[in-house]
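> Sharing query-v1.csv, CSV, C-alpha atoms:
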chain,number,residue,atom,x,y,z
A,1,MET,CA,67.6,78.0,132.6
A,2,GLN,CA,71.1,78.7,133.5
A,3,GLY,CA,72.1,82.3,133.9
A,4,ASP,CA,72.6,85.3,136.0
A,5,SER,CA,69.9,85.5,138.7
A,6,ALA,CA,70.0,89.3,139.0
A,7,ARG,CA,67.2,91.4,137.7
A,8,ILE,CA,68.4,93.4,134.6
A,9,THR,CA,66.6,96.1,132.7
A,10,ILE,CA,67.2,97.2,129.1
A,11,HIS,CA,70.0,99.8,128.8
A,12,HIS,CA,70.8,102.0,125.9
A,13,LEU,CA,74.2,101.7,124.5
A,14,PRO,CA,76.6,104.4,125.6
A,15,GLY,CA,76.9,107.4,123.3
A,16,ALA,CA,79.3,110.2,122.9
A,17,ALA,CA,76.8,112.9,124.0
A,18,GLY,CA,73.6,113.4,125.9
A,19,PRO,CA,72.7,113.1,129.5
A,20,ALA,CA,74.4,110.5,131.5
A,21,HIS,CA,72.2,108.0,133.3
A,22,PRO,CA,72.7,106.2,136.6
A,23,GLU,CA,74.4,102.8,136.4
A,24,GLY,CA,71.8,100.2,135.9
A,25,GLY,CA,68.9,102.6,135.4
A,26,THR,CA,66.7,103.2,132.5
A,27,PRO,CA,66.9,106.5,130.6
A,28,SER,CA,64.1,108.9,131.4
A,29,ALA,CA,62.1,110.9,128.9
A,30,PRO,CA,63.8,114.2,127.8
A,31,PRO,CA,62.7,117.3,129.7
A,32,SER,CA,60.2,119.6,128.1
A,33,PHE,CA,61.1,122.9,126.5
A,34,THR,CA,59.4,124.8,129.3
A,35,ARG,CA,61.4,122.9,131.9
A,36,ARG,CA,64.7,123.5,130.1
A,37,ALA,CA,63.8,127.2,129.6
A,38,ALA,CA,63.2,127.5,133.4
A,39,GLY,CA,66.6,125.9,134.0
A,40,VAL,CA,68.3,128.4,131.7
A,41,MET,CA,66.7,131.3,133.5
A,42,LEU,CA,67.7,129.8,136.9
A,43,GLY,CA,71.2,129.4,135.6
A,44,CYS,CA,71.3,133.2,134.9
A,45,GLY,CA,70.5,133.7,138.6
A,46,THR,CA,73.1,131.2,139.9
A,47,ALA,CA,75.7,132.9,137.7
A,48,LEU,CA,75.0,136.2,139.4
A,49,THR,CA,75.8,134.6,142.7
A,50,GLY,CA,79.2,133.2,141.5
A,51,LEU,CA,80.3,136.6,140.3
A,52,PRO,CA,80.1,138.4,143.7
A,53,TYR,CA,81.7,135.3,145.4
A,54,PHE,CA,84.8,135.6,143.2
A,55,ALA,CA,84.7,139.4,143.5
A,56,THR,CA,84.6,139.3,147.3
A,57,VAL,CA,86.0,136.1,148.7
A,58,GLY,CA,88.5,135.6,145.8
A,59,LEU,CA,89.9,139.0,146.1
A,60,ALA,CA,90.1,138.8,149.9
A,61,LEU,CA,92.0,135.5,149.8
A,62,GLY,CA,94.1,136.6,146.8
A,63,PRO,CA,97.1,137.8,148.9
A,64,LEU,CA,97.0,134.6,151.0
A,65,LEU,CA,97.0,132.5,147.9
A,66,LEU,CA,100.2,134.1,146.8
A,67,TRP,CA,102.0,133.2,150.0
A,68,SER,CA,103.2,129.6,150.2
A,69,ARG,CA,102.6,129.2,153.9
A,70,THR,CA,99.0,130.3,153.7
A,71,ARG,CA,98.2,129.1,150.3
A,72,ARG,CA,96.9,125.7,151.4
A,73,TYR,CA,94.5,127.1,154.0
A,74,ALA,CA,93.3,129.9,151.7
A,75,MET,CA,92.6,127.4,148.9
A,76,ALA,CA,90.6,125.2,151.3
A,77,ALA,CA,88.5,128.2,152.4
A,78,LEU,CA,88.0,129.3,148.8
A,79,THR,CA,87.0,125.9,147.5
A,80,ALA,CA,84.6,125.3,150.4
A,81,GLY,CA,82.3,127.9,149.1
A,82,VAL,CA,83.0,127.0,145.5
A,83,ARG,CA,81.9,123.4,146.2
A,84,ARG,CA,78.6,124.7,147.6
A,85,LEU,CA,77.9,126.8,144.5
A,86,VAL,CA,79.0,123.9,142.2
A,87,ALA,CA,76.5,121.6,144.1
A,88,VAL,CA,73.8,124.0,143.3
A,89,GLU,CA,74.7,124.0,139.6
A,90,ARG,CA,74.7,120.2,139.7
A,91,LEU,CA,71.3,120.1,141.3
A,92,ARG,CA,70.0,122.6,138.6
A,93,ARG,CA,71.3,120.3,135.8
A,94,SER,CA,69.7,117.3,137.3
A,95,ALA,CA,66.3,118.9,138.1
A,96,PHE,CA,65.7,120.9,134.9
A,97,PHE,CA,67.8,119.1,132.3
A,98,GLY,CA,67.5,115.5,133.4
A,99,ASP,CA,71.3,115.0,133.8
A,100,HIS,CA,72.5,112.2,136.1
A,101,PHE,CA,76.2,112.0,136.9
A,102,PRO,CA,78.2,109.5,138.9
A,103,ALA,CA,78.3,110.1,142.6
A,104,ARG,CA,81.9,111.0,143.2
A,105,ARG,CA,84.0,113.8,144.5
A,106,ILE,CA,85.6,116.1,141.9
A,107,SER,CA,88.9,117.8,142.4
A,108,ASP,CA,89.3,121.3,143.7
A,109,ARG,CA,90.9,122.4,140.4
A,110,ARG,CA,88.1,121.1,138.4
A,111,ALA,CA,85.5,122.7,140.6
A,112,LEU,CA,87.2,126.1,140.5
A,113,ARG,CA,87.5,125.9,136.7
A,114,TYR,CA,83.9,124.9,136.2
A,115,LEU,CA,82.5,127.6,138.4
A,116,ALA,CA,84.7,130.3,136.8
A,117,VAL,CA,83.7,129.3,133.3
A,118,ARG,CA,80.1,128.7,134.3
A,119,THR,CA,79.9,132.2,135.8
A,120,CYS,CA,81.1,133.8,132.6
A,121,THR,CA,78.7,131.8,130.4
A,122,GLY,CA,75.8,132.4,132.8
A,123,LEU,CA,76.4,136.2,132.7
A,124,LEU,CA,76.6,136.0,128.9
A,125,THR,CA,73.3,134.1,128.9
A,126,SER,CA,71.8,136.8,131.0
A,127,VAL,CA,72.8,139.4,128.5
A,128,VAL,CA,71.3,137.4,125.6
A,129,VAL,CA,68.1,136.9,127.6
A,130,GLY,CA,68.0,140.6,128.3
A,131,LEU,CA,68.4,141.4,124.6
A,132,LEU,CA,65.6,139.0,123.9
A,133,GLY,CA,63.3,140.8,126.4
A,134,PHE,CA,64.4,144.2,125.0
A,135,GLY,CA,63.5,142.9,121.5
A,136,ALA,CA,60.1,141.8,122.8
A,137,VAL,CA,59.4,145.3,124.1
A,138,LEU,CA,60.4,146.9,120.8
A,139,ALA,CA,58.1,144.5,119.0
A,140,GLY,CA,55.3,145.6,121.2
A,141,LEU,CA,56.0,149.2,120.4
A,142,LEU,CA,56.1,148.4,116.7
A,143,VAL,CA,52.7,146.8,116.9
A,144,ALA,CA,51.4,149.7,118.8
A,145,GLY,CA,52.7,152.2,116.2
A,146,LEU,CA,51.2,150.1,113.5
A,147,ALA,CA,47.8,150.1,115.2
A,148,ARG,CA,47.9,153.9,115.6
A,149,GLY,CA,48.8,154.3,111.9
A,150,THR,CA,52.0,156.2,112.6
A,151,LEU,CA,54.2,153.6,110.9
A,152,GLY,CA,54.6,153.3,107.2
A,153,TRP,CA,54.7,150.0,105.4
A,154,TRP,CA,58.3,150.5,104.2
A,155,GLU,CA,59.5,151.3,107.7
A,156,LEU,CA,57.5,148.3,109.0
A,157,LEU,CA,59.1,145.9,106.5
A,158,THR,CA,62.6,147.2,107.4
A,159,GLN,CA,61.9,146.8,111.1
A,160,VAL,CA,60.5,143.3,110.7
A,161,LEU,CA,63.4,142.1,108.6
A,162,LEU,CA,66.0,143.5,111.0
A,163,GLY,CA,64.1,142.2,114.0
A,164,SER,CA,63.8,138.7,112.5
A,165,VAL,CA,67.6,138.6,111.9
A,166,LEU,CA,68.3,139.7,115.4
A,167,LEU,CA,65.7,137.3,116.9
A,168,PHE,CA,67.3,134.4,115.0
A,169,LEU,CA,70.8,135.4,116.2
A,170,ASP,CA,69.5,135.8,119.8
A,171,VAL,CA,67.7,132.4,119.9
A,172,GLN,CA,70.7,130.7,118.2
A,173,GLY,CA,72.9,132.2,120.8
A,174,LEU,CA,70.7,130.9,123.6
A,175,PHE,CA,70.8,127.3,122.2
A,176,SER,CA,74.6,127.5,121.8
A,177,LEU,CA,75.1,128.7,125.3
A,178,GLU,CA,72.8,126.0,126.7
A,179,ALA,CA,74.8,123.4,124.7
A,180,LEU,CA,78.0,124.9,126.2
A,181,ASP,CA,76.5,124.7,129.6
A,182,SER,CA,75.7,121.0,129.1
A,183,ARG,CA,79.2,120.3,127.9
A,184,LEU,CA,80.8,122.0,130.8
A,185,ALA,CA,78.6,120.0,133.2
A,186,ARG,CA,79.6,116.7,131.6
A,187,GLU,CA,83.3,117.7,131.7
A,188,CYS,CA,83.1,118.6,135.3
A,189,PHE,CA,80.8,116.0,136.8
A,190,GLY,CA,81.1,113.2,134.3
A,191,PRO,CA,84.2,111.0,133.6
A,192,SER,CA,87.1,112.6,131.8
A,193,GLU,CA,88.3,111.6,128.3
A,194,ARG,CA,91.1,109.6,129.9
A,195,GLU,CA,88.7,107.8,132.2
A,196,LEU,CA,86.4,107.1,129.3
A,197,LEU,CA,89.3,105.7,127.3
A,198,GLN,CA,90.4,103.6,130.3
A,199,GLN,CA,86.9,102.3,130.7
A,200,ARG,CA,86.7,101.4,127.1
A,201,ILE,CA,90.0,99.6,127.3
A,202,ASP,CA,88.8,97.6,130.4
A,203,GLU,CA,85.6,96.7,128.5
A,204,LEU,CA,87.5,95.5,125.5
A,205,ALA,CA,89.9,93.5,127.7
A,206,THR,CA,87.0,91.9,129.6
A,207,SER,CA,85.1,91.2,126.3
A,208,ARG,CA,88.2,89.6,124.8
A,209,ALA,CA,88.8,87.4,127.8
A,210,ALA,CA,85.1,86.4,127.9
A,211,MET,CA,85.2,85.5,124.2
A,212,VAL,CA,88.3,83.3,124.6
A,213,LEU,CA,86.6,81.6,127.5
A,214,ALA,CA,83.4,81.1,125.4
A,215,VAL,CA,85.4,79.6,122.6
A,216,ASP,CA,87.2,77.2,125.0
A,217,THR,CA,83.9,76.2,126.6
A,218,GLU,CA,82.4,75.6,123.1
A,219,ARG,CA,85.3,73.4,122.2
A,220,ARG,CA,84.9,71.4,125.3
A,221,ARG,CA,81.2,71.0,124.7
A,222,ILE,CA,81.8,69.8,121.1
A,223,GLU,CA,84.4,67.3,122.3
A,224,ARG,CA,82.0,66.1,125.0
A,225,ASP,CA,79.2,65.7,122.5
A,226,LEU,CA,81.4,63.8,120.1
A,227,HIS,CA,82.9,61.6,122.8
A,228,ASP,CA,79.8,60.8,124.8
A,229,GLY,CA,77.4,60.7,121.9
A,230,VAL,CA,78.6,60.1,118.4
A,231,GLN,CA,81.7,58.1,119.4
A,232,GLN,CA,79.7,55.8,121.6
A,233,ARG,CA,77.1,55.2,118.9
A,234,LEU,CA,79.9,54.5,116.4
A,235,VAL,CA,81.4,51.9,118.7
A,236,ALA,CA,78.0,50.3,119.1
A,237,LEU,CA,77.5,50.3,115.3
A,238,ALA,CA,80.9,48.6,114.8
A,239,MET,CA,80.0,45.9,117.4
A,240,LEU,CA,76.7,45.2,115.6
A,241,LEU,CA,78.5,44.9,112.2
A,242,GLY,CA,81.1,42.6,113.8
A,243,ARG,CA,78.4,40.4,115.3
A,244,ALA,CA,76.7,40.2,111.9
A,245,ARG,CA,79.9,39.1,110.2
A,246,ARG,CA,80.7,36.3,112.6
A,247,ALA,CA,80.3,32.8,111.3
A,248,GLY,CA,77.5,30.6,112.6
A,249,ARG,CA,74.9,33.2,112.3
A,250,THR,CA,71.6,32.2,110.6
A,251,PRO,CA,70.4,34.5,107.9
A,252,GLU,CA,67.5,35.6,110.1
A,253,GLN,CA,70.0,36.6,112.9
A,254,ALA,CA,72.3,38.4,110.4
A,255,ASP,CA,69.3,40.3,108.9
A,256,ALA,CA,68.2,41.4,112.4
A,257,LEU,CA,71.7,42.6,113.3
A,258,LEU,CA,72.0,44.4,110.0
A,259,GLU,CA,68.6,46.1,110.5
A,260,GLN,CA,69.7,47.1,114.0
A,261,ALA,CA,73.0,48.4,112.6
A,262,HIS,CA,71.2,50.4,109.9
A,263,LYS,CA,68.9,52.0,112.6
A,264,GLU,CA,72.0,52.8,114.7
A,265,SER,CA,73.7,54.5,111.6
A,266,ARG,CA,70.7,56.7,111.1
A,267,GLU,CA,70.8,57.8,114.7
A,268,VAL,CA,74.5,58.5,114.4
A,269,LEU,CA,73.9,60.7,111.4
A,270,ALA,CA,71.1,62.5,113.1
A,271,GLU,CA,73.2,63.2,116.2
A,272,LEU,CA,76.2,64.2,114.1
A,273,ARG,CA,74.0,66.6,112.2
A,274,GLU,CA,72.7,68.0,115.5
A,275,VAL,CA,76.3,68.5,116.7
A,276,ALA,CA,77.2,70.3,113.5
A,277,TRP,CA,74.1,72.4,113.7
A,278,ARG,CA,75.1,73.6,117.2
A,279,VAL,CA,78.6,74.5,115.9
A,280,TYR,CA,77.2,76.7,113.1
A,281,PRO,CA,73.8,76.4,111.4
A,282,THR,CA,74.2,76.5,107.6
A,283,ALA,CA,70.6,77.7,107.3
A,284,LEU,CA,71.8,81.2,108.5
A,285,ASP,CA,73.8,81.6,105.3
A,286,SER,CA,71.2,80.0,102.9
A,287,LEU,CA,67.8,80.8,104.4
A,288,GLY,CA,68.4,83.6,106.9
A,289,LEU,CA,67.8,84.2,110.6
A,290,GLN,CA,64.1,83.6,110.6
A,291,GLU,CA,64.3,80.2,109.0
A,292,ALA,CA,67.2,79.2,111.2
A,293,LEU,CA,65.1,80.1,114.3
A,294,ALA,CA,62.2,78.1,112.8
A,295,GLY,CA,64.5,75.1,112.8
A,296,VAL,CA,65.2,75.7,116.5
A,297,SER,CA,61.4,75.6,117.1
A,298,GLU,CA,61.0,72.4,115.2
A,299,ARG,CA,63.7,70.6,117.1
A,300,CYS,CA,62.5,71.8,120.6
A,301,GLY,CA,60.2,69.6,122.5
A,302,ILE,CA,58.4,72.6,124.1
A,303,PRO,CA,56.0,74.7,122.1
A,304,ILE,CA,57.6,78.0,121.0
A,305,ARG,CA,55.7,81.2,120.0
A,306,MET,CA,57.9,83.3,117.7
A,307,ASP,CA,57.6,87.1,117.3
A,308,PHE,CA,60.0,88.1,114.5
A,309,THR,CA,60.0,91.7,113.3
A,310,LEU,CA,63.0,93.2,111.4
A,311,ALA,CA,63.0,96.4,109.3
A,312,THR,CA,66.5,96.0,107.8
A,313,THR,CA,69.0,93.3,106.9
A,314,LEU,CA,71.3,92.5,109.8
A,315,PRO,CA,75.1,91.9,109.7
A,316,ALA,CA,76.2,88.3,109.6
A,317,SER,CA,77.8,88.5,113.0
A,318,VAL,CA,74.7,89.9,114.6
A,319,GLU,CA,72.5,87.2,113.0
A,320,THR,CA,74.9,84.5,114.3
A,321,ALA,CA,74.9,85.9,117.9
A,322,ALA,CA,71.1,86.3,117.8
A,323,TYR,CA,70.7,82.7,116.7
A,324,PHE,CA,72.9,81.3,119.4
A,325,VAL,CA,71.2,83.4,122.1
A,326,VAL,CA,67.8,81.8,121.1
A,327,SER,CA,69.2,78.3,120.6
A,328,GLU,CA,71.1,78.2,123.9
A,329,SER,CA,68.3,79.7,125.8
A,330,VAL,CA,65.7,77.3,124.4
A,331,THR,CA,68.0,74.4,125.0
A,332,ASN,CA,68.5,75.4,128.6
A,333,ALA,CA,64.7,75.9,129.1
A,334,ALA,CA,64.0,72.4,127.7
A,335,LYS,CA,66.6,70.8,130.0
A,336,HIS,CA,66.2,72.7,133.3
A,337,SER,CA,63.1,74.9,133.5
A,338,SER,CA,60.2,72.4,133.4
A,339,ALA,CA,58.5,75.0,131.2
A,340,THR,CA,55.4,74.3,129.1
A,341,GLU,CA,55.8,77.3,126.7
A,342,ILE,CA,58.5,79.5,125.4
A,343,LEU,CA,58.1,83.0,123.9
A,344,VAL,CA,60.8,84.2,121.5
A,345,SER,CA,60.9,87.8,120.4
A,346,VAL,CA,63.3,89.3,117.9
A,347,ARG,CA,62.7,93.0,117.3
A,348,GLN,CA,64.8,95.9,116.0
A,349,HIS,CA,64.7,99.1,118.0
A,350,GLY,CA,66.6,101.7,116.0
A,351,PRO,CA,70.3,100.6,115.8
A,352,VAL,CA,69.8,97.8,118.4
A,353,LEU,CA,68.5,94.3,117.9
A,354,VAL,CA,66.7,93.1,121.0
A,355,VAL,CA,66.3,89.3,121.4
A,356,ARG,CA,64.1,88.2,124.2
A,357,VAL,CA,63.5,84.6,125.3
A,358,GLU,CA,60.9,84.0,128.1
A,359,ASP,CA,59.7,80.7,129.5
A,360,ASN,CA,57.1,79.9,132.2
A,361,GLY,CA,59.3,77.5,134.0
A,362,VAL,CA,60.4,77.3,137.7
A,363,GLY,CA,63.1,80.0,137.4
A,364,GLY,CA,66.0,80.0,139.9
A,365,ALA,CA,68.7,80.3,137.3
A,366,ASP,CA,72.3,79.4,138.1
A,367,PRO,CA,74.6,82.4,137.6
A,368,THR,CA,77.6,80.1,137.0
A,369,GLY,CA,76.0,78.2,134.1
A,370,SER,CA,78.5,77.6,131.3
A,371,GLY,CA,75.8,78.1,128.6
A,372,LEU,CA,74.8,81.7,129.5
A,373,THR,CA,78.4,82.5,130.4
A,374,GLY,CA,79.4,81.7,126.8
A,375,LEU,CA,76.5,83.7,125.4
A,376,ARG,CA,77.5,86.7,127.5
A,377,GLY,CA,81.0,86.5,126.1
A,378,ARG,CA,79.6,86.1,122.5
A,379,VAL,CA,77.3,89.1,122.9
A,380,GLY,CA,79.9,91.2,124.7
A,381,ALA,CA,82.3,90.7,121.8
A,382,LEU,CA,79.8,92.7,119.6
A,383,ASP,CA,79.6,95.5,122.3
A,384,GLY,CA,76.2,94.1,123.2
A,385,ARG,CA,74.6,93.2,126.6
A,386,LEU,CA,73.0,90.0,127.9
A,387,HIS,CA,70.5,90.4,130.7
A,388,VAL,CA,68.9,87.6,132.7
A,389,HIS,CA,65.9,87.8,135.1
A,390,SER,CA,65.1,84.5,136.7
A,391,PRO,CA,63.5,84.7,140.2
A,392,SER,CA,62.6,81.6,142.1
A,393,GLY,CA,59.3,80.3,140.8
A,394,GLY,CA,59.8,81.9,137.3
A,395,PRO,CA,59.5,83.2,134.8
A,396,THR,CA,63.0,83.3,133.3
A,397,ILE,CA,63.6,86.1,130.8
A,398,ILE,CA,66.8,86.4,128.8
A,399,THR,CA,67.3,89.6,126.9
A,400,ALA,CA,70.2,90.3,124.5
A,401,GLU,CA,70.9,93.8,123.0
A,402,LEU,CA,73.0,93.6,119.9
A,403,PRO,CA,74.2,96.8,118.1
A,404,CYS,CA,73.5,96.5,114.4
A,405,ALA,CA,75.8,99.3,113.2
Can you present the structure in this file as structure tokens?

Amino acid sequence: MQGDSARITIHHLPGAAGPAHPEGGTPSAPPSFTRRAAGVMLGCGTALTGLPYFATVGLALGPLLLWSRTRRYAMAALTAGVRRLVAVERLRRSAFFGDHFPARRISDRRALRYLAVRTCTGLLTSVVVGLLGFGAVLAGLLVAGLARGTLGWWELLTQVLLGSVLLFLDVQGLFSLEALDSRLARECFGPSERELLQQRIDELATSRAAMVLAVDTERRRIERDLHDGVQQRLVALAMLLGRARRAGRTPEQADALLEQAHKESREVLAELREVAWRVYPTALDSLGLQEALAGVSERCGIPIRMDFTLATTLPASVETAAYFVVSESVTNAAKHSSATEILVSVRQHGPVLVVRVEDNGVGGADPTGSGLTGLRGRVGALDGRLHVHSPSGGPTIITAELPCA
């Protein structure tokens, strides 16, 4: 097959929230509740270190920060310690919450703002945790009083109702503060809104350029198929008909030429139908994706095993892209891979359709192949991703992820 020779793994489509993952990596399992609770408790301790730092170093360097001649050096001294404390916070988020942020240096202003806000939220979290512990002690005293029989049922009911409301507010406050902590970390260590917007603009520009290139490549291929295939056969058909019309031919010779011309016309129709099918298969509109892929299997000279599992109806654009991924991959395998078997899998994983084509050929894919380059542009136009794994010796695996929403 033709394609990118780099090993690619399945990526989740980017979302607006949630932990960031390293570029090219696979998302890990979410941390357990115990691990996150330990991270919250450790955050209370790190906040208690930020407060005395600002109280001592910040106040000591305050006068120097107000003087223009010493402001630069005082700010450098202040941010040196701030960066160490921020590095601890970043490590805490990675170790206990599974966050992975891009490895880059953040600005001094952003580091100072993050540590200041993080110290305040951490202290507030410490207060909420302390209230939760105080509530647990009162609950123990309530149970002890009930066991000794010194507590009436009406007083018990009142205490339970009041304690339940306070417990709900306390726990809700902890979850809200943890969510705020996560948002602060994303804003500090992750890309900014402007950077995300610029990244999206770059992706759209790249996708548009790739789509234009794919359309031009497809036009050239259609012209080449018509010129080198259909046109040549039509010229041969015209020559056969001309020879049959010439005078001096015996009826037997004319019948033989007409029979040959009839055979050539059938081959021309078959090739023209094949070219039209590669432009756009009408079976997608009339029969659906599964039947259209069955047609690909019937026309391929290599045995194909099909695994087709869909839970919902797909948009027409997604079905078209999935069809061409399978069709082009199968065609490349039949031409270049020397494979004896092809496995095609079409499965829906939540909002993403995953199309996987694997052959047992020789591998060693060409990263500059026009076929897969066009597919990458077609898939990218839908905000999808096309991944190719083709080591020397095989197998070649092509995976396309197409968002269905």
> Rounded to one decimal, what separation in Å do you get between CA of Glu89 in chain A and CA of Arg71 in chain A?
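Between CA of Glu89 in chain A and CA of Arg71 in chain A the gap is 26.3 Å.
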> Please determine, counting all atoms listed in the file, which residue among A:Ala139, A:Ala381, A:Val325, A:Trp67 has the shortest atom-to-atom distance to Leu161 in chain A.
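Using all atoms listed in the file, the shortest distance to Leu161 in chain A belongs to A:Ala139.
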> Applying 9 Å and only C-alpha atoms, which residues near range 37-53 of chain A remain after dropping the ones on its own chain fewer than 6 positions away? List them as a PDB file with C-alpha atoms, in the frame of the given file.

ATOM      1  CA  GLY A  81      82.300 127.900 149.100  1.00  0.00           C
ATOM      2  CA  VAL A  82      83.000 127.000 145.500  1.00  0.00           C
ATOM      3  CA  LEU A  85      77.900 126.800 144.500  1.00  0.00           C
ATOM      4  CA  VAL A  88      73.800 124.000 143.300  1.00  0.00           C
ATOM      5  CA  GLU A  89      74.700 124.000 139.600  1.00  0.00           C
ATOM      6  CA  ARG A  92      70.000 122.600 138.600  1.00  0.00           C
ATOM      7  CA  ARG A  93      71.300 120.300 135.800  1.00  0.00           C
ATOM      8  CA  ALA A  95      66.300 118.900 138.100  1.00  0.00           C
ATOM      9  CA  PHE A  96      65.700 120.900 134.900  1.00  0.00           C
ATOM     10  CA  PHE A  97      67.800 119.100 132.300  1.00  0.00           C
ATOM     11  CA  LEU A 115      82.500 127.600 138.400  1.00  0.00           C
ATOM     12  CA  ALA A 116      84.700 130.300 136.800  1.00  0.00           C
ATOM     13  CA  ARG A 118      80.100 128.700 134.300  1.00  0.00           C
ATOM     14  CA  THR A 119      79.900 132.200 135.800  1.00  0.00           C
ATOM     15  CA  CYS A 120      81.100 133.800 132.600  1.00  0.00           C
ATOM     16  CA  THR A 121      78.700 131.800 130.400  1.00  0.00           C
ATOM     17  CA  GLY A 122      75.800 132.400 132.800  1.00  0.00           C
ATOM     18  CA  LEU A 123      76.400 136.200 132.700  1.00  0.00           C
ATOM     19  CA  LEU A 124      76.600 136.000 128.900  1.00  0.00           C
ATOM     20  CA  THR A 125      73.300 134.100 128.900  1.00  0.00           C
ATOM     21  CA  SER A 126      71.800 136.800 131.000  1.00  0.00           C
ATOM     22  CA  VAL A 129      68.100 136.900 127.600  1.00  0.00           C
ATOM     23  CA  LEU A 174      70.700 130.900 123.600  1.00  0.00           C
ATOM     24  CA  GLU A 178      72.800 126.000 126.700  1.00  0.00           C
TER      25      GLU A 178
END
> Hey, which of A:Ala136, A:Leu142, A:Ala185, A:Ala236 ends up closest to Tyr114 in chain A? Count all atoms listed in the file.
A:Ala185
> Which residue, A:Asp225, A:Ala209, A:Asp170, A:Asp307, has the smallest gap to Val127 in chain A when you use all atoms listed in the file?
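Closest candidate: A:Asp170.
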> Enter the distance from CA of Val128 in chain A to CA of Pro31 in chain A, in Å, rounded to one decimal.
22.2 Å
> Could you work out how far CA of Ala179 in chain A lies from CA of Gly135 in chain A, giving the answer in Å with one decimal?
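Interatomic distance here is 22.8 Å.
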> Find the spatial neighbours of Pro395 in chain A, counting all atoms listed in the file, within a cut-off of 6 Å - ignore same-chain residues fewer than 6 positions away - and output them as a PyMOL selection string.
chain A and resi 359-361+363
> Neighbours of Leu61 in chain A within 12 Å (only C-alpha atoms; same-chain residues fewer than 5 positions away dropped), as a ChimeraX atom specification?
/A:53-56,66-67,70-79
> Using the incomplete input, complete range 292-304 of chain A to the level of N, CA and C atoms; output as a PDB file, in the coordinates of the input.

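Written file, part24.pdb:
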ATOM      1  N   ALA A 292      66.308  79.909 110.262  1.00  0.00           N
ATOM      2  CA  ALA A 292      67.200  79.200 111.200  1.00  0.00           C
ATOM      3  C   ALA A 292      66.508  79.068 112.571  1.00  0.00           C
ATOM      4  N   LEU A 293      65.831  80.136 113.010  1.00  0.00           N
ATOM      5  CA  LEU A 293      65.100  80.100 114.300  1.00  0.00           C
ATOM      6  C   LEU A 293      63.899  79.154 114.180  1.00  0.00           C
ATOM      7  N   ALA A 294      63.289  79.082 113.002  1.00  0.00           N
ATOM      8  CA  ALA A 294      62.200  78.100 112.800  1.00  0.00           C
ATOM      9  C   ALA A 294      62.696  76.696 112.988  1.00  0.00           C
ATOM     10  N   GLY A 295      63.941  76.434 112.555  1.00  0.00           N
ATOM     11  CA  GLY A 295      64.500  75.100 112.800  1.00  0.00           C
ATOM     12  C   GLY A 295      64.714  74.824 114.257  1.00  0.00           C
ATOM     13  N   VAL A 296      65.080  75.835 115.033  1.00  0.00           N
ATOM     14  CA  VAL A 296      65.200  75.700 116.500  1.00  0.00           C
ATOM     15  C   VAL A 296      63.838  75.290 117.071  1.00  0.00           C
ATOM     16  N   SER A 297      62.784  75.932 116.619  1.00  0.00           N
ATOM     17  CA  SER A 297      61.400  75.600 117.100  1.00  0.00           C
ATOM     18  C   SER A 297      61.030  74.195 116.778  1.00  0.00           C
ATOM     19  N   GLU A 298      61.378  73.740 115.589  1.00  0.00           N
ATOM     20  CA  GLU A 298      61.000  72.400 115.200  1.00  0.00           C
ATOM     21  C   GLU A 298      61.717  71.331 116.014  1.00  0.00           C
ATOM     22  N   ARG A 299      62.966  71.585 116.405  1.00  0.00           N
ATOM     23  CA  ARG A 299      63.700  70.600 117.100  1.00  0.00           C
ATOM     24  C   ARG A 299      63.440  70.611 118.635  1.00  0.00           C
ATOM     25  N   CYS A 300      62.795  71.666 119.117  1.00  0.00           N
ATOM     26  CA  CYS A 300      62.500  71.800 120.600  1.00  0.00           C
ATOM     27  C   CYS A 300      61.285  70.990 120.924  1.00  0.00           C
ATOM     28  N   GLY A 301      61.332  70.326 122.076  1.00  0.00           N
ATOM     29  CA  GLY A 301      60.200  69.600 122.500  1.00  0.00           C
ATOM     30  C   GLY A 301      59.133  70.386 123.242  1.00  0.00           C
ATOM     31  N   ILE A 302      59.392  71.698 123.438  1.00  0.00           N
ATOM     32  CA  ILE A 302      58.400  72.600 124.100  1.00  0.00           C
ATOM     33  C   ILE A 302      57.864  73.538 123.044  1.00  0.00           C
ATOM     34  N   PRO A 303      56.546  73.787 123.069  1.00  0.00           N
ATOM     35  CA  PRO A 303      56.000  74.700 122.100  1.00  0.00           C
ATOM     36  C   PRO A 303      56.598  76.108 122.206  1.00  0.00           C
ATOM     37  N   ILE A 304      56.927  76.683 121.063  1.00  0.00           N
ATOM     38  CA  ILE A 304      57.600  78.000 121.000  1.00  0.00           C
ATOM     39  C   ILE A 304      56.711  78.941 120.185  1.00  0.00           C
TER      40      ILE A 304
END
